[in-house]
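The file work.tsv comes next; it holds TSV, C-alpha atoms (C1' of nucleotides).
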chain	number	residue	atom	x	y	z
A	1	MET	CA	-34.64	-77.48	61.12
A	2	SER	CA	-36.20	-74.04	61.15
A	3	LEU	CA	-36.45	-71.47	58.40
A	4	ASP	CA	-33.41	-70.32	56.45
A	5	ARG	CA	-34.73	-66.76	56.55
A	6	ARG	CA	-33.29	-65.71	53.23
A	7	SER	CA	-35.42	-62.61	53.67
A	8	GLY	CA	-38.33	-61.40	55.77
A	9	CYS	CA	-40.65	-61.17	52.77
A	10	PRO	CA	-43.95	-62.94	53.49
A	11	ILE	CA	-43.97	-64.67	50.13
A	12	ASN	CA	-40.38	-65.81	50.51
A	13	LEU	CA	-41.00	-67.16	54.00
A	14	SER	CA	-44.12	-68.96	52.83
A	15	LEU	CA	-42.05	-70.58	50.11
A	16	GLU	CA	-39.49	-71.66	52.67
A	17	VAL	CA	-42.29	-73.49	54.44
A	18	PHE	CA	-43.89	-75.32	51.53
A	19	GLY	CA	-41.86	-74.40	48.47
A	20	ASP	CA	-40.94	-78.01	47.81
A	21	ARG	CA	-42.49	-80.89	46.00
A	22	TRP	CA	-44.06	-82.71	48.90
A	23	SER	CA	-45.05	-80.59	51.91
A	24	LEU	CA	-48.22	-79.21	50.34
A	25	ILE	CA	-49.11	-82.62	48.88
A	26	ILE	CA	-49.05	-84.09	52.37
A	27	LEU	CA	-51.19	-81.27	53.71
A	28	ARG	CA	-53.57	-81.67	50.77
A	29	ASP	CA	-54.04	-85.36	51.60
A	30	MET	CA	-54.65	-84.57	55.24
A	31	ILE	CA	-57.07	-81.73	54.51
A	32	PHE	CA	-59.01	-83.08	51.55
A	33	GLY	CA	-58.32	-86.79	51.94
A	34	GLY	CA	-58.78	-86.91	55.70
A	35	ARG	CA	-55.61	-88.95	56.18
A	36	ARG	CA	-54.16	-89.03	59.68
A	37	HIS	CA	-51.67	-91.93	59.77
A	38	PHE	CA	-48.26	-92.49	58.27
A	39	ARG	CA	-49.37	-95.44	56.15
A	40	GLU	CA	-52.45	-93.67	54.88
A	41	LEU	CA	-50.28	-90.84	53.65
A	42	LEU	CA	-47.67	-93.21	52.27
A	43	ASN	CA	-50.05	-95.38	50.24
A	44	GLY	CA	-52.85	-92.93	49.77
A	45	SER	CA	-51.11	-90.18	47.84
A	46	MET	CA	-51.52	-90.64	44.13
A	47	GLU	CA	-48.10	-89.22	43.54
A	48	GLY	CA	-46.26	-91.98	45.43
A	49	ILE	CA	-44.14	-90.36	48.09
A	50	ALA	CA	-41.17	-92.31	49.45
A	51	SER	CA	-41.29	-93.27	53.11
A	52	ASN	CA	-38.08	-91.49	54.07
A	53	ILE	CA	-39.25	-88.25	52.50
A	54	LEU	CA	-42.64	-88.58	54.15
A	55	ALA	CA	-40.97	-89.09	57.54
A	56	ASP	CA	-38.71	-86.11	56.95
A	57	ARG	CA	-41.55	-83.82	55.89
A	58	LEU	CA	-43.79	-84.84	58.76
A	59	LYS	CA	-40.98	-84.03	61.15
A	60	ARG	CA	-40.34	-80.72	59.45
A	61	LEU	CA	-44.00	-79.74	59.38
A	62	MET	CA	-44.22	-80.51	63.09
A	63	GLU	CA	-41.17	-78.37	63.82
A	64	LEU	CA	-42.73	-75.56	61.83
A	65	GLY	CA	-45.92	-75.79	63.85
A	66	MET	CA	-48.18	-77.03	61.06
A	67	LEU	CA	-48.78	-80.50	62.49
A	68	THR	CA	-48.92	-82.22	65.85
A	69	LYS	CA	-48.49	-85.89	66.59
A	70	ALA	CA	-50.26	-87.95	69.23
A	71	ASP	CA	-50.58	-91.61	70.18
A	72	ASP	CA	-53.61	-93.33	68.77
A	73	PRO	CA	-55.38	-94.73	71.86
A	74	SER	CA	-56.69	-97.73	69.92
A	75	HIS	CA	-53.29	-98.82	68.67
A	76	LYS	CA	-50.19	-98.84	70.85
A	77	GLN	CA	-47.73	-97.89	68.18
A	78	LYS	CA	-49.98	-95.99	65.87
A	79	ALA	CA	-49.40	-92.27	65.64
A	80	ILE	CA	-52.10	-89.85	64.65
A	81	TYR	CA	-51.21	-86.57	63.00
A	82	SER	CA	-53.32	-83.46	63.41
A	83	LEU	CA	-53.44	-80.17	61.58
A	84	THR	CA	-52.84	-77.01	63.57
A	85	GLU	CA	-54.72	-73.77	63.00
A	86	MET	CA	-51.70	-72.61	61.00
A	87	ALA	CA	-52.24	-75.46	58.54
A	88	ILE	CA	-56.03	-75.17	58.49
A	89	THR	CA	-55.77	-71.55	57.34
A	90	LEU	CA	-54.10	-72.80	54.18
A	91	VAL	CA	-57.51	-73.83	52.84
A	92	PRO	CA	-58.08	-70.58	50.94
A	93	ILE	CA	-54.63	-70.83	49.40
A	94	LEU	CA	-55.22	-74.42	48.34
A	95	ALA	CA	-58.57	-73.41	46.89
A	96	HIS	CA	-56.98	-70.64	44.84
A	97	LEU	CA	-54.13	-72.89	43.82
A	98	GLY	CA	-56.53	-75.57	42.66
A	99	ALA	CA	-58.62	-73.04	40.77
A	100	TRP	CA	-55.57	-71.66	39.03
A	101	GLY	CA	-54.26	-75.10	38.13
A	102	ARG	CA	-57.63	-76.13	36.81
A	103	VAL	CA	-57.64	-73.24	34.37
A	104	TRP	CA	-54.05	-73.29	33.19
A	105	LEU	CA	-52.73	-76.81	33.55
A	106	PRO	CA	-53.66	-80.20	32.05
A	107	THR	CA	-55.61	-81.43	35.05
A	108	SER	CA	-57.68	-84.58	34.88
A	109	GLU	CA	-61.43	-84.04	34.87
A	110	GLU	CA	-62.24	-86.24	37.84
A	111	LEU	CA	-59.65	-84.55	40.02
A	112	SER	CA	-60.48	-81.02	39.02
A	113	ILE	CA	-64.17	-81.30	39.89
A	114	ARG	CA	-63.31	-80.84	43.54
A	115	ALA	CA	-61.29	-77.71	42.82
A	116	GLU	CA	-64.22	-76.41	40.79
A	117	LEU	CA	-66.73	-76.96	43.61
A	118	LEU	CA	-64.38	-75.42	46.12
A	119	GLU	CA	-63.96	-72.37	43.90
A	120	LYS	CA	-67.69	-72.05	43.27
A	121	GLY	CA	-68.41	-72.28	47.00
A	122	GLY	CA	-66.08	-69.38	47.66
A	123	PRO	CA	-65.07	-68.06	51.08
A	124	PRO	CA	-68.29	-69.19	52.82
A	125	LEU	CA	-67.65	-72.80	51.84
A	126	TRP	CA	-63.97	-72.50	52.82
A	127	GLU	CA	-65.01	-71.24	56.23
A	128	LYS	CA	-67.38	-74.12	56.71
A	129	PHE	CA	-64.67	-76.56	55.68
A	130	MET	CA	-62.13	-74.96	58.02
A	131	ASP	CA	-64.65	-75.19	60.81
A	132	GLU	CA	-65.04	-78.90	60.14
A	133	LEU	CA	-61.29	-79.35	60.12
A	134	ARG	CA	-60.99	-77.54	63.45
A	135	HIS	CA	-63.58	-79.93	64.82
A	136	GLU	CA	-61.73	-83.00	63.53
A	137	HIS	CA	-58.22	-81.92	64.40
A	138	LEU	CA	-58.52	-79.49	67.29
A	139	GLY	CA	-61.66	-80.75	68.96
A	140	THR	CA	-63.49	-77.44	68.78
A	141	PRO	CA	-67.30	-77.58	68.67
A	142	LEU	CA	-69.11	-77.26	65.35
A	143	ASP	CA	-71.22	-74.12	65.52
A	144	THR	CA	-73.35	-74.90	62.52
A	145	ALA	CA	-75.56	-77.97	62.25
A	146	SER	CA	-74.86	-78.13	58.61
A	147	GLY	CA	-75.78	-81.21	56.61
A	148	PRO	CA	-73.14	-83.29	54.83
A	149	SER	CA	-69.53	-82.37	55.43
A	150	VAL	CA	-67.69	-80.39	52.78
A	151	ARG	CA	-65.22	-83.23	52.41
A	152	ALA	CA	-68.02	-85.74	51.81
A	153	THR	CA	-69.58	-83.43	49.25
A	154	LEU	CA	-66.32	-83.02	47.36
A	155	GLN	CA	-65.68	-86.73	47.48
A	156	ALA	CA	-69.17	-87.54	46.19
A	157	ALA	CA	-68.66	-85.23	43.24
A	158	TYR	CA	-65.38	-86.95	42.46
A	159	GLN	CA	-67.03	-90.38	42.60
A	160	ALA	CA	-69.82	-89.21	40.33
A	161	VAL	CA	-67.36	-88.13	37.63
A	162	VAL	CA	-65.43	-91.38	37.94
A	163	ALA	CA	-68.66	-93.36	37.58
A	164	SER	CA	-69.85	-91.40	34.57
A	165	LYS	CA	-66.50	-91.84	32.86
A	166	ALA	CA	-66.63	-95.58	33.51
A	167	LEU	CA	-70.08	-95.69	31.95
A	168	SER	CA	-69.08	-93.89	28.79
A	169	ALA	CA	-65.94	-96.00	28.50
A	170	SER	CA	-67.81	-99.31	28.63
A	171	PRO	CA	-71.35	-98.73	27.27
A	172	ALA	CA	-73.79	-100.86	29.22
A	173	ALA	CA	-75.31	-104.06	27.84
B	174	MET	CA	-38.68	-79.40	30.13
B	175	SER	CA	-42.41	-79.77	30.61
B	176	LEU	CA	-44.38	-81.07	33.57
B	177	ASP	CA	-43.60	-84.43	35.15
B	178	ARG	CA	-47.33	-85.10	35.49
B	179	ARG	CA	-47.05	-87.16	38.67
B	180	SER	CA	-50.82	-86.84	38.76
B	181	GLY	CA	-53.59	-84.77	37.21
B	182	CYS	CA	-54.50	-83.14	40.51
B	183	PRO	CA	-54.70	-79.35	40.11
B	184	ILE	CA	-52.75	-78.75	43.31
B	185	ASN	CA	-50.06	-81.22	42.33
B	186	LEU	CA	-49.71	-79.73	38.86
B	187	SER	CA	-49.52	-76.23	40.31
B	188	LEU	CA	-46.73	-77.41	42.57
B	189	GLU	CA	-44.90	-78.85	39.60
B	190	VAL	CA	-44.97	-75.38	38.10
B	191	PHE	CA	-43.75	-73.33	41.04
B	192	GLY	CA	-43.13	-75.78	43.86
B	193	ASP	CA	-39.50	-74.81	44.08
B	194	ARG	CA	-37.51	-72.18	45.86
B	195	TRP	CA	-37.13	-69.69	43.06
B	196	SER	CA	-39.86	-69.63	40.41
B	197	LEU	CA	-42.36	-67.73	42.52
B	198	ILE	CA	-39.66	-65.37	43.81
B	199	ILE	CA	-38.86	-64.41	40.23
B	200	LEU	CA	-42.52	-63.86	39.45
B	201	ARG	CA	-42.90	-61.86	42.65
B	202	ASP	CA	-40.08	-59.54	41.58
B	203	MET	CA	-41.57	-59.10	38.13
B	204	ILE	CA	-45.10	-58.52	39.43
B	205	PHE	CA	-44.46	-56.41	42.51
B	206	GLY	CA	-40.99	-55.10	41.73
B	207	GLY	CA	-41.63	-54.35	38.06
B	208	ARG	CA	-38.40	-56.01	36.98
B	209	ARG	CA	-38.11	-56.94	33.32
B	210	HIS	CA	-34.41	-57.63	32.66
B	211	PHE	CA	-32.06	-60.43	33.63
B	212	ARG	CA	-29.76	-58.17	35.64
B	213	GLU	CA	-32.62	-56.50	37.45
B	214	LEU	CA	-33.82	-59.88	38.60
B	215	LEU	CA	-30.30	-61.03	39.41
B	216	ASN	CA	-29.31	-58.08	41.57
B	217	GLY	CA	-32.72	-56.93	42.63
B	218	SER	CA	-33.96	-59.96	44.48
B	219	MET	CA	-33.24	-59.67	48.18
B	220	GLU	CA	-32.73	-63.39	48.38
B	221	GLY	CA	-29.71	-63.43	46.07
B	222	ILE	CA	-30.47	-65.84	43.26
B	223	ALA	CA	-27.53	-67.33	41.35
B	224	SER	CA	-27.27	-66.45	37.68
B	225	ASN	CA	-27.39	-70.03	36.43
B	226	ILE	CA	-30.51	-70.77	38.40
B	227	LEU	CA	-32.11	-67.56	37.23
B	228	ALA	CA	-31.34	-68.46	33.62
B	229	ASP	CA	-32.72	-71.95	34.12
B	230	ARG	CA	-35.93	-70.72	35.74
B	231	LEU	CA	-36.54	-68.05	33.14
B	232	LYS	CA	-36.20	-70.69	30.44
B	233	ARG	CA	-38.51	-73.03	32.29
B	234	LEU	CA	-41.12	-70.37	32.96
B	235	MET	CA	-41.09	-69.49	29.26
B	236	GLU	CA	-41.55	-73.12	28.29
B	237	LEU	CA	-44.46	-73.37	30.69
B	238	GLY	CA	-46.09	-70.33	29.15
B	239	MET	CA	-45.73	-67.99	32.11
B	240	LEU	CA	-43.23	-65.62	30.50
B	241	THR	CA	-42.29	-64.37	27.08
B	242	LYS	CA	-39.02	-62.85	25.99
B	243	ALA	CA	-38.43	-60.10	23.47
B	244	ASP	CA	-35.54	-57.96	22.29
B	245	ASP	CA	-35.30	-54.61	23.92
B	246	PRO	CA	-35.32	-52.17	20.96
B	247	SER	CA	-33.07	-49.72	22.78
B	248	HIS	CA	-30.31	-52.21	23.52
B	249	LYS	CA	-29.07	-54.73	20.98
B	250	GLN	CA	-28.51	-57.61	23.36
B	251	LYS	CA	-30.87	-56.69	26.09
B	252	ALA	CA	-33.83	-59.02	26.55
B	253	ILE	CA	-37.09	-57.93	28.08
B	254	TYR	CA	-39.26	-60.47	29.86
B	255	SER	CA	-43.03	-60.16	30.00
B	256	LEU	CA	-45.67	-61.85	32.08
B	257	THR	CA	-48.37	-63.79	30.30
B	258	GLU	CA	-52.01	-63.84	31.38
B	259	MET	CA	-51.25	-67.18	33.02
B	260	ALA	CA	-48.71	-65.49	35.29
B	261	ILE	CA	-50.81	-62.39	35.90
B	262	THR	CA	-53.63	-64.50	37.29
B	263	LEU	CA	-51.28	-65.58	40.07
B	264	VAL	CA	-51.87	-62.23	41.78
B	265	PRO	CA	-54.69	-63.52	44.02
B	266	ILE	CA	-52.55	-66.51	45.02
B	267	LEU	CA	-49.61	-64.28	45.86
B	268	ALA	CA	-51.92	-62.02	47.84
B	269	HIS	CA	-53.22	-64.95	49.87
B	270	LEU	CA	-49.75	-66.36	50.29
B	271	GLY	CA	-48.47	-63.04	51.56
B	272	ALA	CA	-51.39	-62.68	53.92
B	273	TRP	CA	-50.83	-66.15	55.32
B	274	GLY	CA	-47.10	-65.62	55.74
B	275	ARG	CA	-47.68	-62.30	57.44
B	276	VAL	CA	-49.82	-63.96	60.07
B	277	TRP	CA	-47.86	-67.12	60.72
B	278	LEU	CA	-44.22	-66.44	59.89
B	279	PRO	CA	-41.57	-64.06	61.24
B	280	THR	CA	-41.89	-61.51	58.46
B	281	SER	CA	-40.18	-58.15	58.66
B	282	GLU	CA	-42.47	-55.21	59.24
B	283	GLU	CA	-41.41	-53.15	56.25
B	284	LEU	CA	-41.89	-56.06	53.86
B	285	SER	CA	-45.20	-57.20	55.23
B	286	ILE	CA	-46.89	-53.81	54.90
B	287	ARG	CA	-47.37	-54.49	51.20
B	288	ALA	CA	-48.97	-57.85	51.90
B	289	GLU	CA	-51.24	-56.16	54.40
B	290	LEU	CA	-52.39	-53.49	51.95
B	291	LEU	CA	-52.93	-56.08	49.25
B	292	GLU	CA	-55.03	-58.13	51.63
B	293	LYS	CA	-57.03	-55.14	52.81
B	294	GLY	CA	-57.72	-54.10	49.22
B	295	GLY	CA	-59.16	-57.51	48.45
B	296	PRO	CA	-60.31	-58.77	45.05
B	297	PRO	CA	-61.13	-55.28	43.70
B	298	LEU	CA	-57.57	-54.12	44.29
B	299	TRP	CA	-56.17	-57.34	42.83
B	300	GLU	CA	-58.26	-56.81	39.70
B	301	LYS	CA	-56.98	-53.27	39.35
B	302	PHE	CA	-53.42	-54.48	39.76
B	303	MET	CA	-53.89	-57.27	37.24
B	304	ASP	CA	-55.32	-54.76	34.80
B	305	GLU	CA	-52.22	-52.61	35.23
B	306	LEU	CA	-50.00	-55.62	34.69
B	307	ARG	CA	-51.88	-56.50	31.50
B	308	HIS	CA	-51.27	-52.97	30.32
B	309	GLU	CA	-47.55	-53.11	31.10
B	310	HIS	CA	-46.88	-56.61	29.82
B	311	LEU	CA	-49.51	-57.34	27.21
B	312	GLY	CA	-50.21	-53.86	25.89
B	313	THR	CA	-53.92	-53.94	26.60
B	314	PRO	CA	-55.64	-50.60	27.23
B	315	LEU	CA	-56.34	-49.49	30.78
B	316	ASP	CA	-60.10	-49.21	31.15
B	317	THR	CA	-60.05	-47.24	34.36
B	318	ALA	CA	-58.45	-43.81	34.68
B	319	SER	CA	-57.45	-44.64	38.15
B	320	GLY	CA	-54.97	-42.49	39.99
B	321	PRO	CA	-51.65	-43.85	41.25
B	322	SER	CA	-50.78	-47.37	40.23
B	323	VAL	CA	-51.19	-50.17	42.73
B	324	ARG	CA	-47.49	-50.91	42.53
B	325	ALA	CA	-46.62	-47.28	43.31
B	326	THR	CA	-49.01	-47.31	46.25
B	327	LEU	CA	-47.51	-50.48	47.68
B	328	GLN	CA	-44.01	-49.14	47.16
B	329	ALA	CA	-44.84	-45.86	48.86
B	330	ALA	CA	-46.16	-47.70	51.89
B	331	TYR	CA	-42.96	-49.71	52.07
B	332	GLN	CA	-40.84	-46.56	51.87
B	333	ALA	CA	-42.90	-44.93	54.59
B	334	VAL	CA	-42.23	-47.80	57.00
B	335	VAL	CA	-38.53	-47.80	56.17
B	336	ALA	CA	-38.37	-44.07	56.80
B	337	SER	CA	-40.22	-44.27	60.11
B	338	LYS	CA	-37.97	-47.06	61.28
B	339	ALA	CA	-34.89	-45.03	60.34
B	340	LEU	CA	-36.24	-42.11	62.36
B	341	SER	CA	-36.87	-44.11	65.49
B	342	ALA	CA	-33.49	-45.81	65.16
B	343	SER	CA	-31.52	-42.56	64.97
B	344	PRO	CA	-33.50	-39.85	66.77
B	345	ALA	CA	-33.07	-36.59	64.91
B	346	ALA	CA	-30.77	-33.81	66.11
C	347	DG	C1'	-9.40	-48.31	22.81
C	348	DC	C1'	-11.31	-50.00	26.87
C	349	DA	C1'	-13.87	-50.50	30.95
C	350	DA	C1'	-18.40	-51.60	32.25
C	351	DC	C1'	-22.43	-54.14	31.29
C	352	DC	C1'	-25.48	-57.66	28.68
C	353	DG	C1'	-27.58	-62.43	29.15
C	354	DA	C1'	-26.07	-66.20	29.98
C	355	DT	C1'	-22.69	-70.87	30.48
C	356	DT	C1'	-19.36	-73.92	32.83
C	357	DG	C1'	-17.20	-76.55	36.59
C	358	DC	C1'	-17.52	-78.30	40.86
C	359	DA	C1'	-18.87	-79.30	45.70
C	360	DA	C1'	-22.78	-79.90	48.63
C	361	DA	C1'	-27.38	-80.98	49.48
C	362	DA	C1'	-31.82	-82.97	48.31
C	363	DT	C1'	-34.34	-86.59	46.16
C	364	DG	C1'	-35.92	-91.29	44.69
C	365	DC	C1'	-35.83	-95.95	45.51
C	366	DA	C1'	-35.42	-100.42	47.66
C	367	DA	C1'	-34.35	-102.90	51.58
C	368	DT	C1'	-34.72	-103.30	56.30
C	369	DC	C1'	-35.91	-102.55	61.34
C	370	DA	C1'	-38.05	-103.49	65.99
C	371	DG	C1'	-42.21	-103.46	68.31
C	372	DA	C1'	-47.42	-104.39	68.26
C	373	DT	C1'	-51.20	-106.70	66.57
C	374	DT	C1'	-53.86	-110.24	64.48
C	375	DA	C1'	-55.04	-114.90	62.40
C	376	DG	C1'	-54.92	-119.69	62.83
D	377	DC	C1'	-48.15	-120.29	70.84
D	378	DT	C1'	-46.61	-119.04	66.57
D	379	DA	C1'	-46.27	-117.01	62.36
D	380	DA	C1'	-47.67	-113.54	59.45
D	381	DT	C1'	-48.81	-108.90	59.09
D	382	DC	C1'	-48.92	-104.10	60.13
D	383	DT	C1'	-46.97	-99.98	62.61
D	384	DG	C1'	-43.88	-95.73	61.96
D	385	DA	C1'	-39.96	-95.15	60.60
D	386	DT	C1'	-34.37	-95.71	59.24
D	387	DT	C1'	-30.41	-96.93	56.27
D	388	DG	C1'	-27.60	-97.16	52.14
D	389	DC	C1'	-26.85	-95.74	47.72
D	390	DA	C1'	-27.31	-93.74	43.05
D	391	DT	C1'	-29.16	-89.78	40.72
D	392	DT	C1'	-30.58	-85.11	40.48
D	393	DT	C1'	-30.79	-80.48	41.94
D	394	DT	C1'	-28.77	-76.61	44.09
D	395	DG	C1'	-25.45	-72.99	45.37
D	396	DC	C1'	-21.53	-70.59	44.28
D	397	DA	C1'	-17.70	-68.57	41.76
D	398	DA	C1'	-15.50	-67.90	37.62
D	399	DT	C1'	-15.94	-67.01	32.99
D	400	DC	C1'	-17.76	-66.15	28.16
D	401	DG	C1'	-18.46	-63.56	23.73
D	402	DG	C1'	-20.87	-59.67	22.34
D	403	DT	C1'	-22.52	-54.53	23.17
D	404	DT	C1'	-22.40	-50.15	24.91
D	405	DG	C1'	-20.75	-45.65	26.79
D	406	DC	C1'	-16.97	-42.80	27.09

Serialized structure, C-alpha cells:
Amino acid sequence: MSLDRRSGCPINLSLEVFGDRWSLIILRDMIFGGRRHFRELLNGSMEGIASNILADRLKRLMELGMLTKADDPSHKQKAIYSLTEMAITLVPILAHLGAWGRVWLPTSEELSIRAELLEKGGPPLWEKFMDELRHEHLGTPLDTASGPSVRATLQAAYQAVVASKALSASPAA
Amino acid sequence: MSLDRRSGCPINLSLEVFGDRWSLIILRDMIFGGRRHFRELLNGSMEGIASNILADRLKRLMELGMLTKADDPSHKQKAIYSLTEMAITLVPILAHLGAWGRVWLPTSEELSIRAELLEKGGPPLWEKFMDELRHEHLGTPLDTASGPSVRATLQAAYQAVVASKALSASPAA
DNA sequence: GCAACCGATTGCAAAATGCAATCAGATTAG
DNA sequence: CTAATCTGATTGCATTTTGCAATCGGTTGC
C-alpha cells in the first residue's frame, strides 16, 4: 500500500498521504492529544472512528513512514505507536490548518482556543512543541529547560474555556 | 451539501472541506495554474480528474463559499470560476504542504521547484501572491507596482528545469 | 450546414466507508 | 482458579463514494 503517484507534484503527493477523512485526525490526536495506543485513539477521538478504519490507517501510516509501532514493555499485548520525524514536521501544517479553519468555518469556541494559541505562538512555539514531540516519540534530549509543555498549555486553555462556559450556562447559587 | 460537522474542531472541519482527493487539486490548478474554466481544469490537471467529479467538486466548493461562478461575457455558455477570499487564504497552507511534500515524498524535480521557491519566498511572497490573486479574482486594486507576477516567476522556474532536463537527456548536436 | 467545443449529466462497476459483531490472547478482580 | 475485562485487531455486510466512458443539448467558428 504505497502511493498511487498520480503525479510528482508535491501537493498532490501530500494529498495522497493524508487526503482522506481520517489520517490527519489520527495524527492530530497523537500530536495534540498525546494518544499512543489503539484504544485511546479509538475512544478518544471526538469524531468516532471505526475500529477497522483505525487499524487500516495505522497500518497505512506505518507503511508510509509516518508512524512506528513497538511493544509496550508494561503490557504484553499492548502496542505503542510513535510519531516519526516525518509526522512531527506536520505541526506547522496543522497549525495553519487550524488557524484557517478557525477563521472560515463554524468551529466551536472551546476547540478553537488551542488553534488560536498555536497561531499566536507562531514558528517559535511550533519548534518548541516539535522538540517536545521528538523527546516523547524519538527519545531525543530536550535542549531547552522550558516550563510547562506546549501540550499542557494548550490543554489548560481548553479546560479554562470549558469551565467558563459551564459557569455561564448554570449561574452559581 | 454542507459540512457533516462531525465535530467543531478546526482541523476536523478543515478536513471536511478539502479532505478528499480532488478539492485541493482543483484549487491548486486555479491558484497556481491560473485556470478559470471547466475545460481548463478538466484537461489541465496532470492527475486527470473525471468530468463528473470535477462538476461535483466545483458545485461543492461554491456551496462552501470557496468559489463563485459567473458568465463569461465573451462566450454565451462559458462559465468563469473565481476564488473567494476564503480560498485565497489557503496559499500559506498550500505553500507549507508543498514544502513538506518536497522534503518527504518522491516529488519530481521540475514540479517541486515551484514549491521550493514559494517556501524560500516565505510569508512576504505569499502575501504578494495573494494580493495578485485578489486582483485577478476579486477585482481589487494592486497596491504594489511589483514587477513580474509571482505566478509567472514560478512558471518560469518550472520551464527552466524542464528545459535543462531536456538538454541533458538529448545532448545537443 | 456542420464539426468542434461548452459545461455538465448518466449509467455502471469497483473501491472505500460506516457499523456492529466477534476474535484470541493477556490481564485483573474476587 | 475463575470469570470478567481489556488488548489490538478482523470479519461480514449495507451504504456511499469514486473512476471511467459515453452522452447530452446548446454555442461557436468556419

For chain C against chain B, which residues fall within 12 Å using all atoms listed in the file, given as a PDB file with C-alpha atoms (C1' of nucleotides), in the frame of the given file?
ATOM      1  C1'  DC C 351     -22.430 -54.140  31.290  1.00  0.00           C
ATOM      2  C1'  DC C 352     -25.480 -57.660  28.680  1.00  0.00           C
ATOM      3  C1'  DG C 353     -27.580 -62.430  29.150  1.00  0.00           C
ATOM      4  C1'  DA C 354     -26.070 -66.200  29.980  1.00  0.00           C
ATOM      5  C1'  DT C 355     -22.690 -70.870  30.480  1.00  0.00           C
ATOM      6  C1'  DT C 356     -19.360 -73.920  32.830  1.00  0.00           C
ATOM      7  C1'  DA C 362     -31.820 -82.970  48.310  1.00  0.00           C
TER       8       DA C 362
END

### Message
Rounded to one decimal, what separation in Å do you get between atom CA of B:Met303 and atom CA of B:Leu263?
### Response
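Value for the atom CA of B:Met303-atom CA of B:Leu263 distance: 9.2 Å.
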
### Task
Between A:Leu83, A:Ile31, A:Leu24, A:Leu42, single out the one closest to chain D, counting all atoms listed in the file.
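Smallest distance to chain D is found for A:Leu42.
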
### Message
Report as a PyMOL selection string all protein, DNA and RNA residues lying within 12 Å of A:Gln159, evaluated on only C-alpha atoms (C1' of nucleotides), omitting residues in the same chain fewer than 5 positions from it.
### Response
chain A and resi 109-114+152-154+164-166

### Query
Neighbours of B:Leu315 within 8 Å (all atoms listed in the file; same-chain residues fewer than 2 positions away dropped), as a list in words?
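Listing them by chain and then by number gives Asp304, Glu305, His308, Thr313, Thr317 and Ala318 of chain B.
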
Please find the residues of chain B near chain A - the criterion being any atom within 9 Å, counting all atoms listed in the file - and write them as a JSON list (two decimals) with C-alpha atoms, in the coordinates of the input.
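The result, written out as selection37.json:
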[["chain", "number", "residue", "atom", "x", "y", "z"],
["B", 178, "ARG", "CA", -47.33, -85.10, 35.49],
["B", 179, "ARG", "CA", -47.05, -87.16, 38.67],
["B", 180, "SER", "CA", -50.82, -86.84, 38.76],
["B", 181, "GLY", "CA", -53.59, -84.77, 37.21],
["B", 182, "CYS", "CA", -54.50, -83.14, 40.51],
["B", 183, "PRO", "CA", -54.70, -79.35, 40.11],
["B", 184, "ILE", "CA", -52.75, -78.75, 43.31],
["B", 185, "ASN", "CA", -50.06, -81.22, 42.33],
["B", 186, "LEU", "CA", -49.71, -79.73, 38.86],
["B", 187, "SER", "CA", -49.52, -76.23, 40.31],
["B", 188, "LEU", "CA", -46.73, -77.41, 42.57],
["B", 189, "GLU", "CA", -44.90, -78.85, 39.60],
["B", 191, "PHE", "CA", -43.75, -73.33, 41.04],
["B", 192, "GLY", "CA", -43.13, -75.78, 43.86],
["B", 193, "ASP", "CA", -39.50, -74.81, 44.08],
["B", 194, "ARG", "CA", -37.51, -72.18, 45.86],
["B", 195, "TRP", "CA", -37.13, -69.69, 43.06],
["B", 197, "LEU", "CA", -42.36, -67.73, 42.52],
["B", 198, "ILE", "CA", -39.66, -65.37, 43.81],
["B", 201, "ARG", "CA", -42.90, -61.86, 42.65],
["B", 219, "MET", "CA", -33.24, -59.67, 48.18],
["B", 220, "GLU", "CA", -32.73, -63.39, 48.38],
["B", 221, "GLY", "CA", -29.71, -63.43, 46.07],
["B", 259, "MET", "CA", -51.25, -67.18, 33.02],
["B", 262, "THR", "CA", -53.63, -64.50, 37.29],
["B", 263, "LEU", "CA", -51.28, -65.58, 40.07],
["B", 265, "PRO", "CA", -54.69, -63.52, 44.02],
["B", 266, "ILE", "CA", -52.55, -66.51, 45.02],
["B", 267, "LEU", "CA", -49.61, -64.28, 45.86],
["B", 268, "ALA", "CA", -51.92, -62.02, 47.84],
["B", 269, "HIS", "CA", -53.22, -64.95, 49.87],
["B", 270, "LEU", "CA", -49.75, -66.36, 50.29],
["B", 271, "GLY", "CA", -48.47, -63.04, 51.56],
["B", 272, "ALA", "CA", -51.39, -62.68, 53.92],
["B", 273, "TRP", "CA", -50.83, -66.15, 55.32],
["B", 274, "GLY", "CA", -47.10, -65.62, 55.74],
["B", 275, "ARG", "CA", -47.68, -62.30, 57.44],
["B", 276, "VAL", "CA", -49.82, -63.96, 60.07],
["B", 277, "TRP", "CA", -47.86, -67.12, 60.72],
["B", 278, "LEU", "CA", -44.22, -66.44, 59.89],
["B", 279, "PRO", "CA", -41.57, -64.06, 61.24],
["B", 280, "THR", "CA", -41.89, -61.51, 58.46],
["B", 281, "SER", "CA", -40.18, -58.15, 58.66],
["B", 282, "GLU", "CA", -42.47, -55.21, 59.24],
["B", 283, "GLU", "CA", -41.41, -53.15, 56.25],
["B", 284, "LEU", "CA", -41.89, -56.06, 53.86],
["B", 285, "SER", "CA", -45.20, -57.20, 55.23],
["B", 288, "ALA", "CA", -48.97, -57.85, 51.90]]

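Between atom CA of B:Phe302 and atom CA of B:Asp244 the interatomic distance comes to 25.2 Å.
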